Structures are given as structure tokens and as C-alpha cells.
file protein32.pdb (PDB, C-alpha atoms (C1' of nucleotides))
ATOM      1  CA  MET H   1     -55.902 -17.105  44.271
ATOM      2  CA  GLU H   2     -56.727 -18.585  47.648
ATOM      3  CA  SER H   3     -57.157 -16.259  50.571
ATOM      4  CA  LYS H   4     -55.093 -16.843  53.686
ATOM      5  CA  GLY H   5     -57.941 -18.255  55.700
ATOM      6  CA  MET H   6     -58.712 -21.034  53.220
ATOM      7  CA  ARG H   7     -56.920 -24.321  53.571
ATOM      8  CA  PRO H   8     -56.547 -26.411  50.453
ATOM      9  CA  ASP H   9     -59.070 -29.217  50.478
ATOM     10  CA  PRO H  10     -58.239 -32.326  48.452
ATOM     11  CA  PHE H  11     -61.862 -33.370  48.580
ATOM     12  CA  GLN H  12     -62.728 -30.577  46.201
ATOM     13  CA  ARG H  13     -62.162 -31.725  42.673
ATOM     14  CA  ASP H  14     -60.408 -28.609  41.465
ATOM     15  CA  CYS H  15     -58.115 -28.105  44.421
ATOM     16  CA  GLY H  16     -54.455 -28.242  43.526
ATOM     17  CA  SER H  17     -53.744 -30.342  46.573
ATOM     18  CA  ARG H  18     -55.364 -33.215  44.793
ATOM     19  CA  GLN H  19     -52.855 -32.898  41.987
ATOM     20  CA  VAL H  20     -50.097 -33.008  44.563
ATOM     21  CA  ILE H  21     -51.532 -36.181  46.039
ATOM     22  CA  ASP H  22     -51.771 -37.601  42.571
ATOM     23  CA  ARG H  23     -48.112 -36.993  41.930
ATOM     24  CA  ILE H  24     -47.096 -38.599  45.175
ATOM     25  CA  GLY H  25     -49.383 -41.441  44.420
ATOM     26  CA  ASP H  26     -47.773 -41.874  41.058
ATOM     27  CA  ARG H  27     -46.580 -45.391  40.526
ATOM     28  CA  TRP H  28     -42.967 -44.502  39.801
ATOM     29  CA  SER H  29     -42.488 -41.225  41.647
ATOM     30  CA  VAL H  30     -42.287 -42.960  44.994
ATOM     31  CA  LEU H  31     -39.613 -45.351  43.809
ATOM     32  CA  VAL H  32     -37.581 -42.605  42.170
ATOM     33  CA  VAL H  33     -37.657 -40.458  45.285
ATOM     34  CA  LEU H  34     -36.648 -43.413  47.414
ATOM     35  CA  THR H  35     -33.754 -44.151  45.113
ATOM     36  CA  LEU H  36     -32.537 -40.589  45.468
ATOM     37  CA  ALA H  37     -32.708 -40.817  49.244
ATOM     38  CA  ASP H  38     -29.003 -41.563  49.621
ATOM     39  CA  GLY H  39     -27.847 -38.783  47.346
ATOM     40  CA  GLU H  40     -27.649 -37.901  43.688
ATOM     41  CA  ARG H  41     -27.850 -40.566  41.037
ATOM     42  CA  ARG H  42     -27.203 -40.701  37.333
ATOM     43  CA  TYR H  43     -29.962 -41.427  34.907
ATOM     44  CA  GLY H  44     -28.598 -44.866  34.193
ATOM     45  CA  GLU H  45     -28.262 -45.709  37.843
ATOM     46  CA  LEU H  46     -31.899 -44.917  38.394
ATOM     47  CA  ALA H  47     -32.913 -47.025  35.450
ATOM     48  CA  GLU H  48     -30.872 -49.924  36.721
ATOM     49  CA  HIS H  49     -32.057 -49.725  40.287
ATOM     50  CA  ILE H  50     -35.761 -49.474  39.586
ATOM     51  CA  ASP H  51     -36.538 -52.820  38.089
ATOM     52  CA  GLY H  52     -39.110 -52.799  35.341
ATOM     53  CA  ILE H  53     -39.275 -49.089  34.625
ATOM     54  CA  SER H  54     -39.034 -48.121  30.983
ATOM     55  CA  GLN H  55     -36.905 -45.297  29.619
ATOM     56  CA  LYS H  56     -39.988 -43.389  28.755
ATOM     57  CA  MET H  57     -41.529 -43.625  32.184
ATOM     58  CA  LEU H  58     -38.278 -42.822  33.953
ATOM     59  CA  THR H  59     -37.775 -39.694  31.911
ATOM     60  CA  GLN H  60     -41.392 -38.689  32.241
ATOM     61  CA  THR H  61     -41.368 -39.236  35.983
ATOM     62  CA  LEU H  62     -38.167 -37.267  36.409
ATOM     63  CA  ARG H  63     -39.588 -34.396  34.394
ATOM     64  CA  GLY H  64     -42.655 -34.337  36.535
ATOM     65  CA  LEU H  65     -40.687 -34.341  39.743
ATOM     66  CA  GLU H  66     -38.404 -31.651  38.400
ATOM     67  CA  ARG H  67     -41.340 -29.537  37.382
ATOM     68  CA  ASP H  68     -42.835 -29.808  40.833
ATOM     69  CA  GLY H  69     -39.563 -28.741  42.386
ATOM     70  CA  LEU H  70     -38.826 -32.065  44.044
ATOM     71  CA  VAL H  71     -35.663 -32.960  42.166
ATOM     72  CA  THR H  72     -32.891 -31.095  40.399
ATOM     73  CA  ARG H  73     -31.392 -32.075  37.081
ATOM     74  CA  THR H  74     -27.721 -31.339  36.512
ATOM     75  CA  VAL H  75     -26.208 -31.767  33.065
ATOM     76  CA  HIS H  76     -22.446 -32.185  32.850
ATOM     77  CA  ALA H  77     -21.049 -31.069  29.509
ATOM     78  CA  SER H  78     -18.842 -34.062  28.966
ATOM     79  CA  VAL H  79     -18.465 -36.909  26.540
ATOM     80  CA  PRO H  80     -20.219 -39.173  27.095
ATOM     81  CA  PRO H  81     -22.916 -36.989  28.593
ATOM     82  CA  ARG H  82     -23.692 -37.309  32.268
ATOM     83  CA  VAL H  83     -26.841 -36.166  34.028
ATOM     84  CA  ASP H  84     -27.288 -36.243  37.769
ATOM     85  CA  TYR H  85     -30.557 -36.110  39.629
ATOM     86  CA  ALA H  86     -30.930 -35.168  43.268
ATOM     87  CA  LEU H  87     -33.631 -34.289  45.732
ATOM     88  CA  THR H  88     -34.285 -30.651  46.500
ATOM     89  CA  ASP H  89     -35.125 -29.487  50.004
ATOM     90  CA  LEU H  90     -38.756 -29.866  49.091
ATOM     91  CA  GLY H  91     -38.015 -33.349  47.883
ATOM     92  CA  HIS H  92     -36.304 -34.187  51.139
ATOM     93  CA  SER H  93     -39.304 -32.981  53.081
ATOM     94  CA  LEU H  94     -41.281 -35.613  51.237
ATOM     95  CA  LEU H  95     -38.749 -38.326  51.843
ATOM     96  CA  ASP H  96     -39.873 -39.126  55.375
ATOM     97  CA  LEU H  97     -43.379 -39.704  54.179
ATOM     98  CA  VAL H  98     -42.342 -41.834  51.279
ATOM     99  CA  SER H  99     -40.029 -43.897  53.420
ATOM    100  CA  GLY H 100     -42.921 -44.442  55.750
ATOM    101  CA  LEU H 101     -44.908 -45.685  52.814
ATOM    102  CA  GLU H 102     -42.233 -48.157  51.910
ATOM    103  CA  ALA H 103     -41.961 -49.297  55.501
ATOM    104  CA  TRP H 104     -45.690 -49.764  55.779
ATOM    105  CA  ALA H 105     -45.793 -51.697  52.550
ATOM    106  CA  THR H 106     -43.072 -54.087  53.568
ATOM    107  CA  THR H 107     -44.241 -54.658  57.121
ATOM    108  CA  HIS H 108     -47.883 -55.168  56.228
ATOM    109  CA  LEU H 109     -47.394 -56.970  52.971
ATOM    110  CA  ALA H 110     -48.151 -60.328  54.523
ATOM    111  CA  ASP H 111     -51.367 -59.028  56.084
ATOM    112  CA  VAL H 112     -52.559 -57.617  52.796
ATOM    113  CA  GLN H 113     -51.762 -60.769  50.894
ATOM    114  CA  ALA H 114     -53.541 -62.875  53.479
ATOM    115  CA  ALA H 115     -56.570 -60.614  53.270
ATOM    116  CA  ARG H 116     -56.619 -61.001  49.515
ATOM    117  CA  VAL H 117     -56.564 -64.762  49.678
ATOM    118  CA  ARG H 118     -59.387 -64.711  52.172
ATOM    119  CA  TYR H 119     -61.448 -62.300  50.114
ATOM    120  CA  ASP H 120     -60.928 -64.134  46.850
ATOM    121  CA  ALA H 121     -61.875 -67.443  48.402
ATOM    122  CA  GLU H 122     -65.023 -65.869  49.774
ATOM    123  CA  VAL H 123     -66.029 -64.420  46.441
ATOM    124  CA  LEU H 124     -65.621 -67.745  44.714
ATOM    125  CA  ARG H 125     -67.995 -69.280  47.200
ATOM    126  CA  ARG H 126     -70.711 -66.768  46.355
ATOM    127  CA  PRO H 127     -73.603 -68.021  44.215
ATOM    128  CA  PRO H 128     -73.954 -66.398  40.782
ATOM    129  CA  ALA H 129     -76.885 -64.277  42.008
ATOM    130  CA  THR H 130     -80.435 -65.388  41.336
ATOM    131  CA  THR H 131     -79.294 -66.641  37.986
ATOM    132  CA  ARG H 132     -78.755 -64.234  35.189
ATOM    133  CA  PRO H 133     -81.383 -64.751  32.476
ATOM    134  CA  ALA H 134     -79.920 -63.843  29.109
ATOM    135  CA  ARG H 135     -81.140 -60.293  28.668
ATOM    136  CA  ARG H 136     -84.504 -59.869  26.957
TER     137      ARG H 136
ATOM    138  CA  MET T   1     -42.962 -68.094  49.784
ATOM    139  CA  GLU T   2     -40.451 -65.693  51.227
ATOM    140  CA  SER T   3     -38.060 -66.921  53.882
ATOM    141  CA  LYS T   4     -37.837 -65.027  57.141
ATOM    142  CA  GLY T   5     -34.500 -63.429  56.335
ATOM    143  CA  MET T   6     -35.746 -61.796  53.119
ATOM    144  CA  ARG T   7     -37.267 -58.374  53.321
ATOM    145  CA  PRO T   8     -39.710 -57.411  50.596
ATOM    146  CA  ASP T   9     -38.051 -55.077  48.144
ATOM    147  CA  PRO T  10     -40.303 -52.755  46.153
ATOM    148  CA  PHE T  11     -37.502 -52.162  43.692
ATOM    149  CA  GLN T  12     -37.942 -55.674  42.402
ATOM    150  CA  ARG T  13     -40.676 -55.733  39.812
ATOM    151  CA  ASP T  14     -42.402 -58.841  41.073
ATOM    152  CA  CYS T  15     -42.353 -58.057  44.750
ATOM    153  CA  GLY T  16     -45.775 -57.804  46.282
ATOM    154  CA  SER T  17     -44.757 -54.731  48.204
ATOM    155  CA  ARG T  18     -44.907 -52.845  44.949
ATOM    156  CA  GLN T  19     -48.553 -53.797  44.573
ATOM    157  CA  VAL T  20     -49.167 -52.463  48.035
ATOM    158  CA  ILE T  21     -47.526 -49.183  47.110
ATOM    159  CA  ASP T  22     -49.635 -49.108  43.987
ATOM    160  CA  ARG T  23     -52.819 -49.422  45.975
ATOM    161  CA  ILE T  24     -51.827 -46.642  48.293
ATOM    162  CA  GLY T  25     -50.860 -44.616  45.299
ATOM    163  CA  ASP T  26     -54.276 -45.173  43.832
ATOM    164  CA  ARG T  27     -55.935 -41.920  42.995
ATOM    165  CA  TRP T  28     -59.072 -42.509  45.025
ATOM    166  CA  SER T  29     -57.933 -44.884  47.753
ATOM    167  CA  VAL T  30     -56.236 -42.130  49.686
ATOM    168  CA  LEU T  31     -59.325 -39.950  49.661
ATOM    169  CA  VAL T  32     -61.596 -42.809  50.668
ATOM    170  CA  VAL T  33     -59.378 -43.780  53.580
ATOM    171  CA  LEU T  34     -59.216 -40.164  54.703
ATOM    172  CA  THR T  35     -62.969 -39.903  54.582
ATOM    173  CA  LEU T  36     -63.277 -42.948  56.799
ATOM    174  CA  ALA T  37     -60.864 -41.478  59.321
ATOM    175  CA  ASP T  38     -63.614 -40.194  61.598
ATOM    176  CA  GLY T  39     -65.583 -43.403  61.627
ATOM    177  CA  GLU T  40     -67.882 -45.430  59.427
ATOM    178  CA  ARG T  41     -69.673 -43.871  56.509
ATOM    179  CA  ARG T  42     -72.435 -44.910  54.204
ATOM    180  CA  TYR T  43     -71.857 -45.401  50.532
ATOM    181  CA  GLY T  44     -73.768 -42.272  49.676
ATOM    182  CA  GLU T  45     -71.895 -40.204  52.206
ATOM    183  CA  LEU T  46     -68.627 -41.216  50.653
ATOM    184  CA  ALA T  47     -69.886 -40.367  47.200
ATOM    185  CA  GLU T  48     -71.041 -36.982  48.357
ATOM    186  CA  HIS T  49     -67.915 -36.109  50.248
ATOM    187  CA  ILE T  50     -65.408 -37.053  47.583
ATOM    188  CA  ASP T  51     -66.111 -34.529  44.900
ATOM    189  CA  GLY T  52     -65.778 -35.797  41.368
ATOM    190  CA  ILE T  53     -65.667 -39.527  42.021
ATOM    191  CA  SER T  54     -67.984 -41.621  39.908
ATOM    192  CA  GLN T  55     -70.133 -44.425  41.213
ATOM    193  CA  LYS T  56     -68.064 -46.910  39.358
ATOM    194  CA  MET T  57     -64.778 -45.713  40.776
ATOM    195  CA  LEU T  58     -66.111 -45.472  44.301
ATOM    196  CA  THR T  59     -67.391 -49.008  44.223
ATOM    197  CA  GLN T  60     -64.252 -50.288  42.571
ATOM    198  CA  THR T  61     -62.030 -48.516  45.073
ATOM    199  CA  LEU T  62     -64.025 -49.806  48.013
ATOM    200  CA  ARG T  63     -63.819 -53.350  46.683
ATOM    201  CA  GLY T  64     -60.091 -53.053  46.353
ATOM    202  CA  LEU T  65     -59.683 -51.706  49.862
ATOM    203  CA  GLU T  66     -61.963 -54.392  51.211
ATOM    204  CA  ARG T  67     -60.038 -57.075  49.399
ATOM    205  CA  ASP T  68     -56.781 -55.824  50.871
ATOM    206  CA  GLY T  69     -58.267 -55.913  54.341
ATOM    207  CA  LEU T  70     -58.229 -52.150  54.844
ATOM    208  CA  VAL T  71     -61.965 -51.553  55.133
ATOM    209  CA  THR T  72     -64.984 -53.540  56.212
ATOM    210  CA  ARG T  73     -68.300 -53.579  54.426
ATOM    211  CA  THR T  74     -71.440 -53.984  56.511
ATOM    212  CA  VAL T  75     -74.770 -54.553  54.840
ATOM    213  CA  HIS T  76     -77.891 -53.747  56.842
ATOM    214  CA  ALA T  77     -80.879 -55.735  55.685
ATOM    215  CA  SER T  78     -83.305 -52.855  55.573
ATOM    216  CA  VAL T  79     -85.406 -51.007  53.085
ATOM    217  CA  PRO T  80     -83.973 -48.976  51.606
ATOM    218  CA  PRO T  81     -80.689 -50.843  51.858
ATOM    219  CA  ARG T  82     -77.874 -49.366  53.865
ATOM    220  CA  VAL T  83     -74.207 -50.212  53.614
ATOM    221  CA  ASP T  84     -71.569 -48.922  55.997
ATOM    222  CA  TYR T  85     -67.878 -48.847  55.375
ATOM    223  CA  ALA T  86     -65.251 -48.543  58.080
ATOM    224  CA  LEU T  87     -61.520 -48.877  58.467
ATOM    225  CA  THR T  88     -60.106 -52.105  59.860
ATOM    226  CA  ASP T  89     -57.163 -52.092  62.248
ATOM    227  CA  LEU T  90     -54.932 -52.492  59.253
ATOM    228  CA  GLY T  91     -56.660 -49.553  57.644
ATOM    229  CA  HIS T  92     -56.108 -47.472  60.736
ATOM    230  CA  SER T  93     -52.428 -48.298  60.705
ATOM    231  CA  LEU T  94     -52.327 -46.759  57.272
ATOM    232  CA  LEU T  95     -54.276 -43.727  58.327
ATOM    233  CA  ASP T  96     -51.347 -41.955  59.933
ATOM    234  CA  LEU T  97     -49.371 -42.208  56.762
ATOM    235  CA  VAL T  98     -52.199 -41.061  54.572
ATOM    236  CA  SER T  99     -52.964 -38.156  56.838
ATOM    237  CA  GLY T 100     -49.328 -37.205  56.581
ATOM    238  CA  LEU T 101     -49.714 -37.247  52.843
ATOM    239  CA  GLU T 102     -52.659 -34.930  52.997
ATOM    240  CA  ALA T 103     -50.830 -32.631  55.371
ATOM    241  CA  TRP T 104     -47.780 -32.515  53.156
ATOM    242  CA  ALA T 105     -49.894 -31.808  50.109
ATOM    243  CA  THR T 106     -51.710 -28.918  51.705
ATOM    244  CA  THR T 107     -48.719 -27.328  53.360
ATOM    245  CA  HIS T 108     -46.461 -27.568  50.337
ATOM    246  CA  LEU T 109     -49.048 -26.929  47.681
ATOM    247  CA  ALA T 110     -47.915 -23.365  47.198
ATOM    248  CA  ASP T 111     -44.284 -24.416  46.794
ATOM    249  CA  VAL T 112     -45.180 -26.983  44.192
ATOM    250  CA  GLN T 113     -47.350 -24.589  42.248
ATOM    251  CA  ALA T 114     -44.639 -21.950  42.300
ATOM    252  CA  ALA T 115     -42.111 -24.492  41.042
ATOM    253  CA  ARG T 116     -44.414 -25.406  38.203
ATOM    254  CA  VAL T 117     -44.829 -21.837  37.087
ATOM    255  CA  ARG T 118     -41.070 -21.371  37.162
ATOM    256  CA  TYR T 119     -40.443 -24.555  35.247
ATOM    257  CA  ASP T 120     -43.065 -23.890  32.611
ATOM    258  CA  ALA T 121     -41.786 -20.395  32.009
ATOM    259  CA  GLU T 122     -38.290 -21.774  31.598
ATOM    260  CA  VAL T 123     -39.367 -24.375  29.092
ATOM    261  CA  LEU T 124     -41.156 -21.812  26.978
ATOM    262  CA  ARG T 125     -37.954 -19.827  26.773
ATOM    263  CA  ARG T 126     -36.044 -22.783  25.382
ATOM    264  CA  PRO T 127     -35.210 -22.680  21.663
ATOM    265  CA  PRO T 128     -36.836 -25.378  19.526
ATOM    266  CA  ALA T 129     -33.544 -27.340  19.420
ATOM    267  CA  THR T 130     -31.103 -26.893  16.553
ATOM    268  CA  THR T 131     -34.045 -26.570  14.246
ATOM    269  CA  ARG T 132     -35.833 -29.648  13.167
ATOM    270  CA  PRO T 133     -35.140 -30.344   9.494
ATOM    271  CA  ALA T 134     -38.106 -32.154   8.053
ATOM    272  CA  ARG T 135     -36.821 -35.700   8.149
ATOM    273  CA  ARG T 136     -34.993 -36.883   5.043
TER     274      ARG T 136
ATOM    275  C1'  DC P   1     -80.066 -46.677  48.204
ATOM    276  C1'  DT P   2     -76.416 -49.540  46.633
ATOM    277  C1'  DG P   3     -74.410 -51.262  43.351
ATOM    278  C1'  DG P   4     -73.576 -54.622  38.846
ATOM    279  C1'  DA P   5     -72.944 -54.532  33.681
ATOM    280  C1'  DT P   6     -71.867 -52.145  29.327
ATOM    281  C1'  DC P   7     -70.310 -48.904  26.151
ATOM    282  C1'  DC P   8     -66.754 -46.073  24.787
ATOM    283  C1'  DC P   9     -63.416 -42.559  24.941
ATOM    284  C1'  DT P  10     -59.072 -41.184  27.048
ATOM    285  C1'  DT P  11     -54.778 -41.796  29.186
ATOM    286  C1'  DC P  12     -51.066 -44.771  30.452
ATOM    287  C1'  DC P  13     -47.255 -47.158  29.316
ATOM    288  C1'  DG P  14     -44.002 -50.465  27.039
ATOM    289  C1'  DA P  15     -41.353 -51.453  22.774
ATOM    290  C1'  DT P  16     -38.837 -49.707  19.217
ATOM    291  C1'  DA P  17     -36.180 -46.570  16.450
ATOM    292  C1'  DC P  18     -33.446 -42.511  16.116
ATOM    293  C1'  DT P  19     -30.442 -38.194  17.716
ATOM    294  C1'  DG P  20     -26.838 -35.133  20.078
TER     295       DG P  20
ATOM    296  C1'  DC C   1     -25.009 -42.026  27.869
ATOM    297  C1'  DA C   2     -29.188 -39.723  27.935
ATOM    298  C1'  DG C   3     -32.561 -38.705  26.007
ATOM    299  C1'  DT C   4     -36.793 -37.654  22.059
ATOM    300  C1'  DA C   5     -40.448 -39.407  18.746
ATOM    301  C1'  DT C   6     -43.857 -42.496  17.595
ATOM    302  C1'  DC C   7     -46.996 -46.384  17.565
ATOM    303  C1'  DG C   8     -50.250 -49.632  19.398
ATOM    304  C1'  DG C   9     -52.111 -52.373  23.034
ATOM    305  C1'  DA C  10     -53.804 -52.190  27.790
ATOM    306  C1'  DA C  11     -55.845 -50.092  31.443
ATOM    307  C1'  DG C  12     -58.345 -46.180  33.592
ATOM    308  C1'  DG C  13     -62.404 -43.980  34.216
ATOM    309  C1'  DG C  14     -67.078 -41.544  33.093
ATOM    310  C1'  DA C  15     -72.049 -42.047  31.576
ATOM    311  C1'  DT C  16     -75.914 -44.701  31.368
ATOM    312  C1'  DC C  17     -79.114 -48.288  32.126
ATOM    313  C1'  DC C  18     -80.746 -51.848  34.993
ATOM    314  C1'  DA C  19     -81.520 -54.873  39.305
ATOM    315  C1'  DG C  20     -82.111 -56.182  44.296
TER     316       DG C  20
END
call {"tool": "encode", "arguments": {"input": "protein32.pdb", "output": "C-alpha cells"}}
result
Amino acid sequence: MESKGMRPDPFQRDCGSRQVIDRIGDRWSVLVVLTLADGERRYGELAEHIDGISQKMLTQTLRGLERDGLVTRTVHASVPPRVDYALTDLGHSLLDLVSGLEAWATTHLADVQAARVRYDAEVLRRPPATTRPARR
Amino acid sequence: MESKGMRPDPFQRDCGSRQVIDRIGDRWSVLVVLTLADGERRYGELAEHIDGISQKMLTQTLRGLERDGLVTRTVHASVPPRVDYALTDLGHSLLDLVSGLEAWATTHLADVQAARVRYDAEVLRRPPATTRPARR
DNA sequence: CTGGATCCCTTCCGATACTG
DNA sequence: CAGTATCGGAAGGGATCCAG
């Protein structure tokens, strides 16, 4: 139980805020949230839209987001079954941030790729260190 | 080579923008960037400030950030050796976003934790499905 | 002090098969 | 259609020892 005066500090290993950052940082969570930006989507729609995600990871990611109160899961008792996912208010509050992430990624992609090429070329030019004598 | 008219699309599996998102999503990258927000830091300072990070992960994370052009690495030829890390302009452009992430995490931590408790309690109440007959 | 190299255990994650 | 169950390979990540 944290007292009112204490702010959560992600630099402390046991602070829950680090778990929150981890979830946001999750590879698929960002893409799922972005896909739900325009409104609710069916399970299959999500799977189709997010190229390369496996059934397992999609389900697992959705469960995680649901558990954290970021998305809702609505089961329609019909045949065939239909399940809709949508962002909660909490989820929407995250949307701005995540959109910003996407925007940053797309606008600075070229810079990052250029930096990588430069770095890799530099590393290749480095001598193998004073020669590594086989140990012993 | 992408033509000018094509925007990077993180929903495509092979788009580089997804790699960028992955780096941001990296567990330690966010914390390292945040630590460098106030200016350059020595290797040891970073290690001390980010509770729970191992030497290996710190070094690995810094290399990744350096490769992507987000941080600079400055070696001072002294004894004992001293290495300073600092954000590049590109790194600074990311800082706003990452700070937003931290802010969101800390302000909504309580909501997330409450949602988890609710969800977990709900799951426990669920019946073990129509009974699992030992297969066959 | 700042790491590089290794060992090794854990977690992630994709592929596949099966159920309501 | 929307999952769950399971297996095995790949990657993540900590501990330790060593070098410049």
C-alpha cells in the first residue's frame, strides 16, 4: 500500500509502474491498441490486420490488455460465435501515447536505419582487439 | 527502397517501423532514455539508477540505442576509464514520448492494478469448463 | 571503471492439433 | 469463428570470470 505522498517510481525494480511500462512496451500490445483505435473489432479482424501475429499471441495479448482494464471483450451468443474487442476509457487514454509512438516510428524510421548502417559499417572497420590468444 | 508516396506501415510484418517500435518497447530502453533525460551520465551512474538491470543488459541496451542513433558514447582516455552516455537530437525527440509513457504509467497505475484484481477474482470464480474428461 | 565472453536457465513465441 | 492445449526451438536475461 503506497501512501499518498509517494509517487510510483519505475526505476525501483518492484514498483508496479514498471509492469505497466512493460505492458505498453509489449511487442503486440501497441499494435492491438492501434487497431482498436477506430472502434471495436472482431477477433478475426484483429488477426487479419496485424500481419504476422499468431493466434496464440493475439489471444494472450488480448487477455493481458483485458486484465489490465484497457480493452473489453464482448461475447455474442450466436452461431458461429462472435467476439468483439474494444478499448475502454482507460485504453483510450493510452491511445494518444501509442499513436505518438507510431508517428515517431514512421517519421524517424529513415534516421534510425541510416544510423544503423553507419554504426554497422564502423564496427566492421574496428580491428579484432589486440588479437585474441586462444585461452590458456 | 521505399518510394516517397509510401508511408511505413507497422502492421506489415517486414516494415522497419515495427523494429523501431520494438526498440522503444524494449524493457530497458525506456528506462535508460529517461535516465539520460537530464543530461549525460556515466555507465556506473546508469547502472546504479536503474534498479535491477544487469551489466549485460545495460551494455546491450546502450549498444542498441547507440546503433539506432539515439545515444552517443564518449570514451575519456583516463585512468580509471570513464565513459559518458548522452541523448542525441534524435534521442531527445523521443524523450517527450517516453516521458509521456512514464507519466501515463504512474498516473494510471492504480487503475490498472484495480482492474487486475477485479479480473483475477472473476477468473477464479469461473467453473472449470464443462468438466474435463480425461482424454479418450 | 567499463565492458567483453560464457554458461545456463527461463521465458517467449510460432506451429500444430483439437474443442465448443 | 474463436479459442485452448501442447511441444520445441529461439531468444531473453542473470551470474560469473576475465581483460583493457
call {"tool": "resolve_selection", "arguments": {"input": "protein32.pdb", "expression": "the PyMOL selection byres ((chain C and resi 20) around 12)", "output": "PDB file with C-alpha atoms (C1' of nucleotides), keeping the file's coordinate frame"}}
result
ATOM      1  CA  ALA H 129     -76.885 -64.277  42.008  1.00  0.00           C
ATOM      2  CA  THR H 130     -80.435 -65.388  41.336  1.00  0.00           C
TER       3      THR H 130
ATOM      4  CA  ALA T  77     -80.879 -55.735  55.685  1.00  0.00           C
ATOM      5  CA  SER T  78     -83.305 -52.855  55.573  1.00  0.00           C
ATOM      6  CA  VAL T  79     -85.406 -51.007  53.085  1.00  0.00           C
ATOM      7  CA  PRO T  80     -83.973 -48.976  51.606  1.00  0.00           C
ATOM      8  CA  PRO T  81     -80.689 -50.843  51.858  1.00  0.00           C
TER       9      PRO T  81
ATOM     10  C1'  DC P   1     -80.066 -46.677  48.204  1.00  0.00           C
ATOM     11  C1'  DT P   2     -76.416 -49.540  46.633  1.00  0.00           C
ATOM     12  C1'  DG P   3     -74.410 -51.262  43.351  1.00  0.00           C
ATOM     13  C1'  DG P   4     -73.576 -54.622  38.846  1.00  0.00           C
TER      14       DG P   4
ATOM     15  C1'  DC C  18     -80.746 -51.848  34.993  1.00  0.00           C
ATOM     16  C1'  DA C  19     -81.520 -54.873  39.305  1.00  0.00           C
TER      17       DA C  19
END
call {"tool": "resolve_selection", "arguments": {"input": "protein32.pdb", "expression": "the PyMOL selection byres ((chain H) within 7 of (chain T))", "output": "list in words"}}
result
Pro8, Phe11, Gln12, Arg13, Gly16, Ser17, Val20, Ile21, Asp22, Gly25, Asp26, Arg27, His49, Ile50, Asp51, Gly52, Arg67, Asp68, Gly69, Leu97, Gly100, Leu101, Ala105, Thr106, Leu109, Val112, Ala115, Arg116 and Tyr119 of chain H
call {"tool": "atom_distance", "arguments": {"input": "protein32.pdb", "atom1": "CA of Ser99 (chain H)", "atom2": "CA of Leu62 (chain H)"}}
result
18.4 Å
call {"tool": "closest_atom_pairs", "arguments": {"input": "protein32.pdb", "of": "chain T", "to": "chain P", "cutoff": "9 Å", "atoms": "all atoms listed in the file", "output": "Markdown table"}}
result
| residue | atom | partner | partner_atom | distance |
| --- | --- | --- | --- | --- |
| T:Tyr43 | CA | P:DT2 | C1' | 7.3 |
| T:Gly44 | CA | P:DC1 | C1' | 7.8 |
| T:Gln55 | CA | P:DG3 | C1' | 8.3 |
| T:Lys56 | CA | P:DG3 | C1' | 8.7 |
| T:Thr59 | CA | P:DG3 | C1' | 7.4 |
| T:Val79 | CA | P:DC1 | C1' | 8.4 |
| T:Pro80 | CA | P:DC1 | C1' | 5.7 |
| T:Pro81 | CA | P:DC1 | C1' | 5.6 |
| T:Arg82 | CA | P:DC1 | C1' | 6.6 |
| T:Val83 | CA | P:DT2 | C1' | 7.4 |
call {"tool": "resolve_selection", "arguments": {"input": "protein32.pdb", "expression": "the PyMOL selection byres ((chain C) within 10 of (chain H))", "output": "list in words"}}
result
DC1, DA2, DG3, DT4 and DG20 of chain C
call {"tool": "atom_distance", "arguments": {"input": "protein32.pdb", "atom1": "CA of Arg41 (chain T)", "atom2": "CA of Arg125 (chain H)"}}
result
27.1 Å
call {"tool": "atom_distance", "arguments": {"input": "protein32.pdb", "atom1": "CA of Glu45 (chain T)", "atom2": "CA of Leu58 (chain T)"}}
result
11.1 Å
call {"tool": "build_atoms", "arguments": {"input": "protein32.pdb", "residues": "region 39-52 of chain T", "atoms": "N, CA and C atoms", "output": "mmCIF file, in the coordinates of the input"}}
result
data_model
loop_
_atom_site.group_PDB
_atom_site.id
_atom_site.type_symbol
_atom_site.label_atom_id
_atom_site.label_comp_id
_atom_site.auth_asym_id
_atom_site.auth_seq_id
_atom_site.Cartn_x
_atom_site.Cartn_y
_atom_site.Cartn_z
ATOM 1 N N GLY T 39 -64.634 -42.356 61.284
ATOM 2 C CA GLY T 39 -65.583 -43.403 61.627
ATOM 3 C C GLY T 39 -66.294 -43.905 60.384
ATOM 4 N N GLU T 40 -67.240 -44.805 60.573
ATOM 5 C CA GLU T 40 -67.882 -45.430 59.427
ATOM 6 C C GLU T 40 -68.776 -44.448 58.665
ATOM 7 N N ARG T 41 -68.869 -44.717 57.396
ATOM 8 C CA ARG T 41 -69.673 -43.871 56.509
ATOM 9 C C ARG T 41 -70.494 -44.738 55.571
ATOM 10 N N ARG T 42 -71.608 -44.210 55.177
ATOM 11 C CA ARG T 42 -72.435 -44.910 54.204
ATOM 12 C C ARG T 42 -71.888 -44.661 52.804
ATOM 13 N N TYR T 43 -72.295 -45.522 51.923
ATOM 14 C CA TYR T 43 -71.857 -45.401 50.532
ATOM 15 C C TYR T 43 -72.152 -44.010 49.987
ATOM 16 N N GLY T 44 -73.360 -43.579 50.191
ATOM 17 C CA GLY T 44 -73.768 -42.272 49.676
ATOM 18 C C GLY T 44 -73.000 -41.117 50.290
ATOM 19 N N GLU T 45 -72.662 -41.259 51.559
ATOM 20 C CA GLU T 45 -71.895 -40.204 52.206
ATOM 21 C C GLU T 45 -70.514 -40.080 51.577
ATOM 22 N N LEU T 46 -69.937 -41.213 51.310
ATOM 23 C CA LEU T 46 -68.627 -41.216 50.653
ATOM 24 C C LEU T 46 -68.717 -40.532 49.291
ATOM 25 N N ALA T 47 -69.722 -40.923 48.539
ATOM 26 C CA ALA T 47 -69.886 -40.367 47.200
ATOM 27 C C ALA T 47 -70.056 -38.853 47.247
ATOM 28 N N GLU T 48 -70.762 -38.420 48.255
ATOM 29 C CA GLU T 48 -71.041 -36.982 48.357
ATOM 30 C C GLU T 48 -69.795 -36.213 48.785
ATOM 31 N N HIS T 49 -69.054 -36.816 49.680
ATOM 32 C CA HIS T 49 -67.915 -36.109 50.248
ATOM 33 C C HIS T 49 -66.718 -36.007 49.308
ATOM 34 N N ILE T 50 -66.551 -37.042 48.495
ATOM 35 C CA ILE T 50 -65.408 -37.053 47.583
ATOM 36 C C ILE T 50 -65.840 -36.503 46.239
ATOM 37 N N ASP T 51 -65.630 -35.236 46.078
ATOM 38 C CA ASP T 51 -66.111 -34.529 44.900
ATOM 39 C C ASP T 51 -65.463 -35.069 43.628
ATOM 40 N N GLY T 52 -66.305 -35.407 42.668
ATOM 41 C CA GLY T 52 -65.778 -35.797 41.368
ATOM 42 C C GLY T 52 -65.633 -37.293 41.156
#
